Amino acid sequence: MKVQESQDLLLQVDHSDRPIGLVEKKNAHLKGILHRAFSIFIFREMESSFQLLLQQRAFHKYHSGGLWTNTCCSHAEPNVPIKITASNRLQTEMGFSCPLFFSGSFYYKTDVGNGMTEHEIDHVFAAFHNPTNIHLNPEETNAFKWIDIKDLEKDLKKKSHFGYTAWFPEALNIAFKFLDERKVQER
């Protein structure tokens, strides 16, 4: 299987996250087929507050284009451990790498517009890292920004979450477990 071909195929899973086959990426989203995904959250501490690195998805993406989301997100690759796929994808989308830590996973199914449905078991990874250089891949990302966690929480409470991807709030709650552990360690 060529690299390009494997990137167009997703790992279809059952509700227990067991692989059951491969499905073409766009077809999975058109038919709402359950597949494995991941979301990465990169945090940093600045002047005694915590910040999260957000990315704005490229406008030409076939779903959720132009919306803000976690630092990086994508799908599991066939026959590759998800943590390795996540690390590689962070380098591809944002131009840097760092050690990632698994925070948990969750199931969701939601309409994401354009006749597409995200139906995923999303594995959430997090890290503390303050990259000196961020090089966006224009095929995947339009922009990035650091946001203070308190400002982000206020933004989401104001119901302005419509500017964010559908999976972002729930994945963020799982990533906060990682952040909470860091806060406890510092006490």
# chains A, B, ... in the order shown; residues from 1 in each chain; ligands from 1

$ residues_around --residues "segment 110-127 of chain A" --least-positions-apart "6" --cutoff "6 Å" --atoms "only C-alpha atoms" --output "list in words"
His29, Leu30, Gly32, Leu34, His35, Arg36, Ala37, Phe38, Ser39, Ile40, Phe41, Ile42, Leu100, Phe101, Phe102, Ser103 and Gly104 of chain A

$ select_by_dssp --residues "segment 83-162 of chain A" --states "strand (DSSP E or B)" --output "number ranges by chain"
A: 101-113, 116-128, 141-148

$ residues_around --residues "segment 162-173 of chain A" --least-positions-apart "2" --cutoff "6 Å" --atoms "only C-alpha atoms" --output "list of chain:residue names"
A:Leu67, A:Trp68, A:Thr69, A:Ser160, A:Ala175, A:Phe176

$ closest_residue --among "A:Phe43, A:Lys145, A:Asn79, A:Ile174" --to "Pro19 of chain A" --atoms "only C-alpha atoms"
A:Asn79

$ atom_distance --atom1 "atom CA of Ile147 of chain A" --atom2 "atom CA of Asn70 of chain A"
10.9 Å

$ atom_distance --atom1 "atom CA of Glu139 of chain A" --atom2 "atom CA of Pro99 of chain A"
24.0 Å

$ atom_distance --atom1 "atom CA of Arg44 of chain A" --atom2 "atom CA of Asn137 of chain A"
21.5 Å

$ select_by_dssp --residues "chain A" --states "alpha helix (DSSP H)" --output "ChimeraX atom specification"
/A:3-7,25-31,82-94,149-157,168-186
